[in-house]
Structure formats: structure tokens, C-alpha cells
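Enquirer: What follows is work-v3.cif; its format and atoms are mmCIF, C-alpha atoms and all ligand atoms.
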```
data_coords
#
loop_
_atom_site.label_atom_id
_atom_site.label_comp_id
_atom_site.auth_asym_id
_atom_site.auth_seq_id
_atom_site.Cartn_x
_atom_site.Cartn_y
_atom_site.Cartn_z
CA MET A 24 -2.60 -15.24 45.44
CA MET A 25 -2.70 -12.47 42.88
CA ASP A 26 -2.02 -13.72 39.39
CA GLN A 27 0.43 -11.97 37.09
CA ALA A 28 -2.23 -10.35 34.97
CA GLU A 29 -4.02 -9.01 38.03
CA SER A 30 -0.84 -7.60 39.55
CA LEU A 31 -0.02 -5.94 36.23
CA ARG A 32 -3.51 -4.48 36.03
CA ARG A 33 -3.03 -3.07 39.53
CA LYS A 34 0.22 -1.40 38.50
CA ILE A 35 -1.46 0.14 35.53
CA PHE A 36 -4.34 1.39 37.65
CA GLU A 37 -1.81 2.94 40.01
CA LYS A 38 -0.24 4.74 37.08
CA PHE A 39 -3.44 5.77 35.39
CA GLY A 40 -5.56 6.42 38.44
CA LYS A 41 -8.79 4.69 39.24
CA GLU A 42 -10.11 1.68 37.41
CA PRO A 43 -11.99 2.86 34.36
CA GLU A 44 -15.75 2.73 34.35
CA LYS A 45 -17.19 -0.11 32.35
CA GLU A 46 -18.94 2.28 29.99
CA MET A 47 -16.01 4.39 28.95
CA GLU A 48 -16.13 7.79 27.38
CA PRO A 49 -14.58 7.76 23.91
CA VAL A 50 -10.80 8.17 24.24
CA LYS A 51 -9.85 11.81 23.99
CA SER A 52 -6.55 12.12 22.23
CA GLY A 53 -5.00 14.37 19.68
CA LEU A 54 -5.68 13.74 16.04
CA VAL A 55 -3.85 10.58 15.21
CA LYS A 56 -3.77 7.86 12.60
CA ILE A 57 -2.43 4.42 13.45
CA TYR A 58 -0.99 2.11 10.80
CA ALA A 59 0.00 -1.54 11.28
CA VAL A 60 2.69 -2.71 8.83
CA VAL A 61 2.35 -6.46 8.27
CA SER A 62 3.26 -9.24 5.85
CA GLY A 63 2.63 -12.89 5.23
CA LYS A 64 6.15 -14.04 4.37
CA GLY A 65 9.05 -12.82 6.50
CA GLY A 66 11.90 -10.67 5.26
CA VAL A 67 9.87 -8.79 2.65
CA GLY A 68 10.89 -5.36 3.98
CA LYS A 69 8.39 -4.39 6.71
CA THR A 70 10.97 -2.96 9.08
CA ASN A 71 12.77 -0.94 6.42
CA ILE A 72 9.45 0.33 5.14
CA SER A 73 8.19 1.21 8.64
CA VAL A 74 11.36 3.17 9.44
CA ASN A 75 11.68 4.93 6.10
CA LEU A 76 7.96 5.64 5.82
CA SER A 77 8.11 7.23 9.28
CA ILE A 78 10.98 9.43 8.11
CA ALA A 79 9.23 10.33 4.87
CA MET A 80 6.10 11.34 6.80
CA ALA A 81 8.24 13.36 9.23
CA LYS A 82 9.76 15.15 6.25
CA LYS A 83 6.22 16.07 5.27
CA GLY A 84 5.72 17.70 8.66
CA LYS A 85 4.04 14.90 10.60
CA LYS A 86 5.03 13.95 14.14
CA VAL A 87 5.58 10.23 13.97
CA LEU A 88 5.82 7.53 16.62
CA LEU A 89 7.27 4.22 15.44
CA LEU A 90 6.39 1.22 17.56
CA ASP A 91 8.77 -1.68 17.10
CA ALA A 92 6.37 -4.52 17.78
CA ASP A 93 8.31 -7.50 16.46
CA ILE A 94 8.63 -9.25 19.80
CA GLY A 95 12.10 -10.56 20.54
CA MET A 96 13.34 -9.59 17.09
CA THR A 97 13.32 -5.82 17.15
CA ASN A 98 15.52 -4.43 14.46
CA ALA A 99 14.12 -1.04 13.61
CA ASP A 100 16.68 0.15 16.19
CA ILE A 101 19.55 -1.44 14.28
CA ILE A 102 18.51 0.19 11.02
CA MET A 103 18.37 3.57 12.80
CA GLY A 104 21.64 3.02 14.69
CA LEU A 105 19.79 3.22 18.02
CA HIS A 106 20.00 1.13 21.12
CA TYR A 107 16.86 0.69 23.16
CA GLU A 108 17.84 0.59 26.79
CA TYR A 109 14.28 0.41 28.06
CA ASP A 110 11.16 -0.89 26.44
CA LEU A 111 7.47 -0.99 27.10
CA PHE A 112 7.96 -3.92 29.45
CA ASP A 113 10.28 -1.82 31.65
CA TYR A 114 7.62 0.86 31.77
CA LEU A 115 4.84 -1.55 32.65
CA GLU A 116 7.05 -3.08 35.32
CA GLY A 117 7.77 0.34 36.78
CA ARG A 118 11.50 0.34 35.94
CA ALA A 119 11.25 3.27 33.56
CA GLU A 120 9.16 6.37 33.01
CA LEU A 121 7.17 6.69 29.83
CA LYS A 122 9.54 9.41 28.59
CA ASP A 123 12.53 7.05 29.12
CA ILE A 124 11.23 4.48 26.67
CA ILE A 125 10.80 6.93 23.80
CA TYR A 126 13.93 7.21 21.66
CA GLU A 127 14.87 9.92 19.21
CA GLY A 128 15.23 8.59 15.67
CA PRO A 129 16.25 10.31 12.46
CA MET A 130 14.34 13.37 11.22
CA GLY A 131 12.76 13.85 14.65
CA ILE A 132 10.77 10.62 14.61
CA LYS A 133 10.30 8.91 17.96
CA ALA A 134 10.73 5.19 18.40
CA ILE A 135 9.64 2.83 21.09
CA SER A 136 10.33 -0.85 21.51
CA GLY A 137 7.48 -3.05 22.55
CA GLY A 138 9.85 -5.70 23.87
CA SER A 139 8.11 -8.37 25.85
CA GLY A 140 5.83 -5.61 27.15
CA LEU A 141 3.60 -6.32 24.22
CA LEU A 142 2.89 -9.76 25.55
CA GLU A 143 1.94 -8.16 28.84
CA MET A 144 -0.38 -5.79 27.02
CA GLU A 145 -2.53 -8.77 26.23
CA SER A 146 -3.26 -9.19 29.88
CA LEU A 147 -4.28 -5.55 30.21
CA SER A 148 -7.91 -4.72 29.80
CA GLU A 149 -8.82 -3.16 26.48
CA GLU A 150 -9.52 0.11 28.25
CA ASN A 151 -6.03 0.17 29.72
CA GLN A 152 -4.39 -0.74 26.43
CA GLU A 153 -6.14 2.24 24.95
CA LYS A 154 -5.13 4.43 27.87
CA LEU A 155 -1.51 3.38 27.47
CA ILE A 156 -1.52 4.17 23.78
CA GLU A 157 -3.34 7.43 24.44
CA GLU A 158 -0.68 8.43 27.00
CA LEU A 159 2.04 7.65 24.49
CA ILE A 160 0.41 9.65 21.77
CA ASN A 161 -0.40 12.60 23.99
CA LEU A 162 3.12 12.67 25.37
CA GLY A 163 4.57 13.44 21.99
CA GLY A 164 1.57 15.06 20.34
CA PHE A 165 1.92 12.53 17.55
CA ASP A 166 -0.04 12.71 14.29
CA VAL A 167 0.90 9.25 13.11
CA MET A 168 1.80 5.98 14.78
CA ILE A 169 3.40 3.25 12.68
CA ILE A 170 3.54 -0.24 14.12
CA ASP A 171 6.20 -2.56 12.68
CA ASN A 172 4.99 -6.12 13.19
CA GLY A 173 6.52 -9.56 12.98
CA ALA A 174 5.76 -11.67 9.90
CA GLY A 175 2.64 -13.76 9.50
CA ILE A 176 -0.50 -14.14 11.53
CA SER A 177 -0.07 -14.40 15.26
CA LYS A 178 -2.18 -13.30 18.16
CA GLU A 179 0.00 -10.18 18.46
CA THR A 180 -0.18 -9.19 14.80
CA LEU A 181 -3.93 -9.77 14.80
CA SER A 182 -4.23 -7.55 17.88
CA PHE A 183 -2.32 -4.77 16.21
CA MET A 184 -4.15 -5.10 12.91
CA THR A 185 -7.40 -4.88 14.82
CA PHE A 186 -6.18 -1.95 16.87
CA ALA A 187 -4.77 0.09 13.97
CA HIS A 188 -6.93 2.27 11.79
CA GLU A 189 -5.20 1.01 8.68
CA VAL A 190 -3.31 -2.12 7.72
CA ILE A 191 -0.36 -1.75 5.35
CA LEU A 192 0.42 -5.13 3.82
CA VAL A 193 3.92 -5.57 2.40
CA THR A 194 4.80 -8.20 -0.18
CA THR A 195 7.37 -8.83 -2.87
CA PRO A 196 6.33 -10.02 -6.34
CA GLU A 197 7.53 -13.58 -5.60
CA PRO A 198 4.72 -16.17 -5.80
CA THR A 199 5.47 -17.42 -2.27
CA ALA A 200 5.21 -13.90 -0.83
CA LEU A 201 1.98 -13.24 -2.75
CA THR A 202 0.45 -16.50 -1.52
CA ASP A 203 1.35 -15.64 2.07
CA ALA A 204 0.04 -12.08 1.63
CA TYR A 205 -3.22 -13.56 0.38
CA ARG A 206 -3.43 -15.67 3.53
CA VAL A 207 -3.25 -12.51 5.65
CA LEU A 208 -6.02 -10.92 3.60
CA LYS A 209 -8.09 -14.07 3.89
CA THR A 210 -7.75 -14.04 7.67
CA LEU A 211 -8.71 -10.36 7.88
CA SER A 212 -11.71 -11.01 5.65
CA HIS A 213 -12.72 -14.18 7.46
CA TYR A 214 -12.97 -12.42 10.79
CA GLY A 215 -14.32 -9.22 9.26
CA LEU A 216 -11.50 -7.22 10.83
CA LYS A 217 -10.83 -4.82 7.95
CA SER A 218 -12.78 -3.88 4.86
CA SER A 219 -9.81 -2.28 3.13
CA VAL A 220 -6.08 -2.89 3.19
CA LYS A 221 -3.22 -0.89 1.72
CA LEU A 222 -0.65 -2.78 -0.34
CA ILE A 223 3.03 -1.98 -0.91
CA VAL A 224 4.97 -4.18 -3.33
CA ASN A 225 8.64 -4.18 -2.36
CA LYS A 226 11.80 -5.27 -4.18
CA VAL A 227 10.40 -4.88 -7.67
CA SER A 228 12.54 -4.89 -10.81
CA SER A 229 10.16 -2.59 -12.71
CA LYS A 230 7.00 -0.54 -12.22
CA GLU A 231 5.18 -3.18 -14.26
CA ALA A 232 6.27 -5.93 -11.87
CA GLY A 233 4.80 -3.90 -9.00
CA ASP A 234 1.52 -3.28 -10.81
CA GLU A 235 1.27 -6.91 -11.86
CA ALA A 236 1.71 -8.14 -8.27
CA TYR A 237 -0.98 -5.69 -7.13
CA GLU A 238 -3.36 -6.74 -9.94
CA LYS A 239 -2.98 -10.41 -9.07
CA LEU A 240 -3.80 -9.87 -5.41
CA PHE A 241 -6.54 -7.40 -6.25
CA ALA A 242 -8.25 -9.89 -8.58
CA THR A 243 -8.18 -12.65 -5.99
CA CYS A 244 -9.41 -10.25 -3.32
CA SER A 245 -12.35 -9.04 -5.37
CA ASN A 246 -13.29 -12.56 -6.43
CA PHE A 247 -13.06 -14.30 -3.09
CA LEU A 248 -12.77 -11.80 -0.24
CA HIS A 249 -14.69 -8.82 1.01
CA ILE A 250 -11.64 -6.61 1.11
CA GLU A 251 -10.81 -3.61 -0.97
CA LEU A 252 -7.11 -3.67 -1.78
CA GLU A 253 -5.63 -0.19 -2.22
CA ASN A 254 -2.50 0.20 -4.31
CA CYS A 255 -0.02 2.39 -2.42
CA GLY A 256 2.80 1.74 -4.86
CA TYR A 257 6.04 -0.17 -5.20
CA ILE A 258 9.67 0.06 -4.12
CA PHE A 259 12.52 -0.97 -6.38
CA ASP A 260 14.98 -3.64 -5.38
CA ASP A 261 17.79 -1.25 -4.58
CA ILE A 262 21.40 -1.93 -3.63
CA ARG A 263 21.52 1.50 -1.94
CA LEU A 264 18.92 0.34 0.57
CA GLU A 265 21.15 -2.61 1.46
CA LYS A 266 24.22 -0.37 1.66
CA ALA A 267 22.34 1.96 4.00
CA ILE A 268 21.49 -1.00 6.28
CA MET A 269 25.18 -1.88 6.43
CA ASN A 270 25.85 1.69 7.66
CA GLN A 271 22.98 1.34 10.16
CA GLU A 272 21.20 4.24 8.54
CA PRO A 273 17.80 4.33 6.87
CA VAL A 274 18.14 4.70 3.09
CA LEU A 275 16.16 7.94 3.19
CA MET A 276 18.91 9.46 5.33
CA SER A 277 21.95 7.92 3.59
CA TYR A 278 20.72 8.19 0.02
CA PRO A 279 17.71 10.50 -0.22
CA GLN A 280 17.97 10.50 -4.00
CA ALA A 281 18.11 6.69 -4.34
CA LEU A 282 15.32 5.05 -6.31
CA SER A 283 13.99 3.29 -3.22
CA SER A 284 13.99 6.57 -1.23
CA ARG A 285 11.99 8.31 -3.94
CA ASN A 286 9.56 5.38 -4.09
CA ILE A 287 9.03 5.55 -0.33
CA GLU A 288 8.49 9.33 -0.41
CA GLN A 289 5.88 8.80 -3.09
CA ILE A 290 4.15 6.12 -1.01
CA ALA A 291 4.14 8.44 2.03
CA GLY A 292 2.45 11.07 -0.14
CA ILE A 293 -0.19 8.61 -1.33
CA ILE A 294 -0.93 7.39 2.18
CA LEU A 295 -1.06 10.86 3.75
CA GLU A 296 -3.10 12.37 0.94
CA GLU A 297 -6.10 10.25 1.74
CA THR A 298 -5.51 10.20 5.44
CA VAL A 299 -8.36 11.39 7.53
CA PHE A 300 -6.85 11.98 10.92
CA THR A 301 -9.20 10.81 13.56
CA LYS A 302 -9.77 11.43 17.20
CA ASN A 303 -11.04 7.96 17.79
CA ILE A 304 -8.42 5.43 18.84
CA SER A 305 -10.79 3.08 20.55
CA THR A 306 -10.98 0.58 17.74
CA LEU A 307 -9.84 -2.26 19.99
CA LYS A 308 -12.80 -1.66 22.23
CA GLN A 309 -15.20 -1.50 19.34
CA LEU A 310 -13.86 -4.68 17.87
CA GLY A 311 -13.37 -6.33 21.22
CA ASN A 312 -16.36 -8.62 20.98
CA ARG A 313 -15.44 -9.89 17.56
CA PHE A 314 -11.89 -10.39 18.78
CA ARG A 315 -13.08 -12.36 21.78
CA LYS A 316 -15.06 -14.55 19.45
CA ILE A 317 -11.90 -15.37 17.49
CA PHE A 318 -9.77 -16.31 20.45
CA GLY A 319 -12.49 -17.31 22.84
CA THR A 320 -11.02 -15.11 25.55
N1 LIG B 401 13.74 -2.37 -1.59
C1 LIG B 401 14.73 -3.20 -1.22
N2 LIG B 401 15.83 -3.34 -2.00
C2 LIG B 401 16.83 -4.18 -1.66
N3 LIG B 401 16.84 -4.94 -0.55
C3 LIG B 401 15.78 -4.84 0.26
C4 LIG B 401 14.68 -3.96 0.00
N4 LIG B 401 13.79 -4.08 1.01
C5 LIG B 401 14.30 -4.97 1.87
N5 LIG B 401 15.51 -5.44 1.42
C6 LIG B 401 16.36 -6.48 2.03
O1 LIG B 401 15.53 -7.38 2.73
C7 LIG B 401 16.01 -7.54 4.06
C8 LIG B 401 14.85 -7.71 5.00
O2 LIG B 401 14.20 -6.45 5.18
P1 LIG B 401 13.38 -6.14 6.51
O3 LIG B 401 14.16 -6.50 7.71
O4 LIG B 401 12.88 -4.75 6.40
O5 LIG B 401 12.19 -7.19 6.31
P2 LIG B 401 11.06 -7.59 7.36
O6 LIG B 401 9.83 -7.86 6.56
O7 LIG B 401 10.97 -6.58 8.43
O8 LIG B 401 11.64 -8.95 7.96
P3 LIG B 401 11.04 -9.77 9.22
O9 LIG B 401 9.86 -10.52 8.68
O10 LIG B 401 12.17 -10.66 9.61
O11 LIG B 401 10.66 -8.76 10.26
C9 LIG B 401 16.85 -6.31 4.33
O12 LIG B 401 17.88 -6.59 5.24
C10 LIG B 401 17.39 -5.95 2.99
O13 LIG B 401 18.58 -6.65 2.76
MG MG B 402 11.08 -6.79 10.55
#
```
Have the structure of the file written as C-alpha cells, please.

Expert:
Amino acid sequence: MMDQAESLRRKIFEKFGKEPEKEMEPVKSGLVKIYAVVSGKGGVGKTNISVNLSIAMAKKGKKVLLLDADIGMTNADIIMGLHYEYDLFDYLEGRAELKDIIYEGPMGIKAISGGSGLLEMESLSEENQEKLIEELINLGGFDVMIIDNGAGISKETLSFMTFAHEVILVTTPEPTALTDAYRVLKTLSHYGLKSSVKLIVNKVSSKEAGDEAYEKLFATCSNFLHIELENCGYIFDDIRLEKAIMNQEPVLMSYPQALSSRNIEQIAGIILEETVFTKNISTLKQLGNRFRKIFGT
């Protein structure tokens, strides 16, 4: 009997043509940069940051694809006032076309829900995961893909951190959030998955509080880990952001002049300024062996 993973692989091969050669050509895609937004502690603002950062980058002329990867708990859609009818799972199962699972968000950004499809992605070969992502990116000619993850370290978040070109770690200045953020950095360092990570400090009461949180994590990183922590800035604790959520609108759309909106625009500028868009999206493949070592699969 064919197991589930095998039958899924077959479906993918049917969609993408013949089974890829073992020695694959580098993936040919447009110029794209993939960011995974992660945190240690939950509720620190990843989803709001993913959505608003996507909008801020779109305002700067980038074509952005937002992947809602928080399995079972998607809420980027709620913040944007969208309703995902189909998700990646529906596509993989053949119930929807790729174009049907891409939703139009504010400021022309496109959003897609991983749904339980992300769990299925694990049973796809690395080559086919890359092909799927390549198809998605080529479909919309995207420059940037932002992946909003669930909190903490799980197999899924590790997959996406490995897959993405850059990891954006979100924390608040609270000691518990900083400790949990440090745990994420420690895991990335332990497995040698990333040599640099971008930090955003959310819900700060002052610029100093943001800098202080960064300095604390930076010091621990340089003393104990082999990770360069890049300061991408801070976002004020802002009642307007909460009001915007109540209206199911991203703060950048409801209150573009709010403090938090201006902070996010600034962060988008910092991130894009140093962005080297790359043709290579085959990082999963490159890191595949190391990844296998971690999970023994
Ligand atoms: N800058 C901010 N100012 C005020 N409130 C904020 C700010 N950022 C986030 N919040 C509040 O924190 C809540 C959680 O934010 P969000 O859902 O983006 O976090 P998350 O990290 O994605 O959570 P989860 O770990 O559950 O996915 C929001 O509903 C909002 O009330
Ligand atoms: Mg979230």
C-alpha cells in the first residue's frame, strides 16, 4: 500500500512534471529574499510585525508574499480582514489551484495560508519543497517573502528558519521574552543554522528600553554564541496598534502616522537597505544534511 507521504509525492510530481534528478540544477527563480519571523515567547508581536512589515516593504515598491505559517493558529488573515478559503493543504491535495490560494492583502501584498499543508510539506522531498516555493514566487514575481511563524522552537519553525535567507527574531524587553529569545539564538547557534540574526524589540516604552534589550541579548550572544545579532530597531507599545487590530486593519493602514507605524517603516528601511536580493532559494537543500543530523530523518 502506498503511504501518505508517497501518495503526496506522486501528486506533486504530477503537478511539477517528472521526478527531479538527484543532482539538481540550482533553482532558477526571480530575485527574492526570504525572511522568517520568529520568537521565543508567544504573543510578542510576530504576526503584527509580519503583516505591517510586508505593507511597509510594499510601500517601498517591493512585491511581497506573506506566508502565514502558524499552523492551526493563523491570524494574519484576521488582522488584514481577510478570510482564507483555501490554503496550501488544499493545493497539495488538488482541491485548489495555486492562484486560488493566494489572497490579496492591503497595499497589494499577497498572502497565503500554510494551513495543515505545512505539515505535509515535511513529507515532500527537499527538491519539491523548493519547487513549490519557486512556483509560488514565480507566480507573483515576488521580491520578498515573509514567513510568519508560531512561537518557540518546533520542527516547523526550525524548517522555516533553515529555509529562509534571514531570521527576524522578535522580542519584547520583558526578562521572560528575552530569556526565550536567547533560547532561540542558542538553538540556531548550536546547530550552526545561522551566523547572523536580525532583532526587533517590540512594545517598548522608550528608545532606550529598545536599545537596552538589544544590548543585553547582543552581549550574551557575543560571549556565548557564534551569532551576530543585528539591531533592526524597536516598536513602541502603541494603543493605536491595538485599536487597528480591533478594526481588523493593520496599523499601517489605519494609522499610518502612529508611532508604531513609523517605527515599522523605519525597520523596513533598515532591512531593505542591506538586502542583497538573491537568486538562490535552495538553502534547504544546502542545509539538508545538517538538518537531517538534527532530526535524524
Ligand atoms: N507594538 C505594540 N503595541 C501595542 N500592542 C501590541 C504591539 N505589538 C503587539 N501588540 C499586542 O500583542 C498582541 C499579540 O500580537 P501578535 O499576535 O502579533 O503576536 P504573535 O507573536 O504573533 O503571537 P503568537 O505567538 O500567538 O503568534 C496583539 O494582539 C496586540 O494586542
Ligand atoms: Mg502570531

Enquirer: Just the residues within 12 Å of Ser77 of chain A, please, counting only C-alpha atoms, with nothing from its chain fewer than 4 positions along; format it as a compact mmCIF listing (two decimals) with C-alpha atoms, keeping the file's coordinate frame.

Expert:
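Wrote around_14.txt, looks like this:
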```
# COMPACT_ATOMS: atom_id res chain seq x y z
CA ILE A 57 -2.43 4.42 13.45
CA TYR A 58 -0.99 2.11 10.80
CA VAL A 60 2.69 -2.71 8.83
CA LYS A 69 8.39 -4.39 6.71
CA THR A 70 10.97 -2.96 9.08
CA ASN A 71 12.77 -0.94 6.42
CA ILE A 72 9.45 0.33 5.14
CA SER A 73 8.19 1.21 8.64
CA ALA A 81 8.24 13.36 9.23
CA LYS A 82 9.76 15.15 6.25
CA LYS A 83 6.22 16.07 5.27
CA GLY A 84 5.72 17.70 8.66
CA LYS A 85 4.04 14.90 10.60
CA LYS A 86 5.03 13.95 14.14
CA VAL A 87 5.58 10.23 13.97
CA LEU A 88 5.82 7.53 16.62
CA LEU A 89 7.27 4.22 15.44
CA LEU A 90 6.39 1.22 17.56
CA ASP A 91 8.77 -1.68 17.10
CA ALA A 99 14.12 -1.04 13.61
CA MET A 103 18.37 3.57 12.80
CA GLY A 128 15.23 8.59 15.67
CA PRO A 129 16.25 10.31 12.46
CA MET A 130 14.34 13.37 11.22
CA GLY A 131 12.76 13.85 14.65
CA ILE A 132 10.77 10.62 14.61
CA LYS A 133 10.30 8.91 17.96
CA ALA A 134 10.73 5.19 18.40
CA PHE A 165 1.92 12.53 17.55
CA ASP A 166 -0.04 12.71 14.29
CA VAL A 167 0.90 9.25 13.11
CA MET A 168 1.80 5.98 14.78
CA ILE A 169 3.40 3.25 12.68
CA ILE A 170 3.54 -0.24 14.12
CA ASP A 171 6.20 -2.56 12.68
CA PRO A 273 17.80 4.33 6.87
CA LEU A 275 16.16 7.94 3.19
CA MET A 276 18.91 9.46 5.33
CA ILE A 287 9.03 5.55 -0.33
CA GLU A 288 8.49 9.33 -0.41
CA ILE A 290 4.15 6.12 -1.01
CA ALA A 291 4.14 8.44 2.03
CA GLY A 292 2.45 11.07 -0.14
CA ILE A 294 -0.93 7.39 2.18
CA LEU A 295 -1.06 10.86 3.75
```

Enquirer: Give the residues close to ligand LIG 401 (chain B), within 8 Å, counting all atoms listed in the file; write them as a PyMOL selection string.

Expert: chain A and resi 61-62+64-73+93+96-98+171-175+193+225-227+258-265+268+283

Enquirer: Put a box with edges along x, y and z around all the listed atoms of segment 186-191 of chain A, pad it by 6 Å on each side, then give me its centre and sizes in Å, one decimal, as lines of an AutoDock Vina configuration file.

Expert:
```
center_x = -3.6
center_y = 0.1
center_z = 11.1
size_x = 18.6
size_y = 16.4
size_z = 23.5
```

Enquirer: Between A:Ala236, A:Met80, A:Ala187, A:Lys217, which is the closest to Thr199 of chain A once you count all atoms listed in the file?

Expert: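 Of A:Ala236, A:Met80, A:Ala187, A:Lys217, the one nearest Thr199 of chain A, counting all atoms listed in the file, is A:Ala236.
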
Enquirer: Smallest atom-to-atom distance to Lys221 of chain A: which of A:Tyr257, A:Phe112, A:Tyr278, A:Phe247, using all atoms listed in the file?

Expert: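 Counting all atoms listed in the file, the residue closest to Lys221 of chain A is A:Tyr257.
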
Enquirer: Using only C-alpha atoms, determine which residues lie at most 10 Å from Leu192 of chain A, disregarding the query and same-chain residues fewer than 4 positions distant; provide the list as a PyMOL selection string.

Expert: chain A and resi 59-63+69+204-205+207-208+220-224+252-253+255

Enquirer: Quote the spacing between atom CA of Pro279 of chain A and atom MG of ligand MG 402 (chain B) in Å to one decimal place.

Expert: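 Atom-to-atom, atom CA of Pro279 of chain A to atom MG of ligand MG 402 (chain B), that is 21.4 Å.
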
Enquirer: So how many Å separate atom CA of Leu54 of chain A and atom CA of Asn286 of chain A, to one decimal?

Expert: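 So the answer is 26.6 Å.
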
Enquirer: What does the structure give for the distance between atom CA of Glu296 of chain A and atom CA of Lys56 of chain A, in Å to one decimal?

Expert: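 These atoms are spaced 12.5 Å apart.
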
Enquirer: Nearest residue to ligand MG 402 (chain B) out of A:Cys244, A:Ala92, A:Ile78, A:Leu282, using only C-alpha atoms and all ligand atoms?

Expert: A:Ala92

Enquirer: Determine the nearest neighbour of ligand MG 402 (chain B) from the options A:Glu153, A:Glu116, A:Glu251, A:Asp100, counting all atoms listed in the file.

Expert: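 Answer, going by the shortest atom-to-atom distance: A:Asp100.
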
Enquirer: Give the answer as one residue: which of A:Ile102, A:Leu162, A:Asn270, A:Gly256 has the shortest atom-to-atom distance to ligand MG 402 (chain B), using all atoms listed in the file?

Expert: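 Ranked by minimum distance to ligand MG 402 (chain B), first place goes to A:Ile102.
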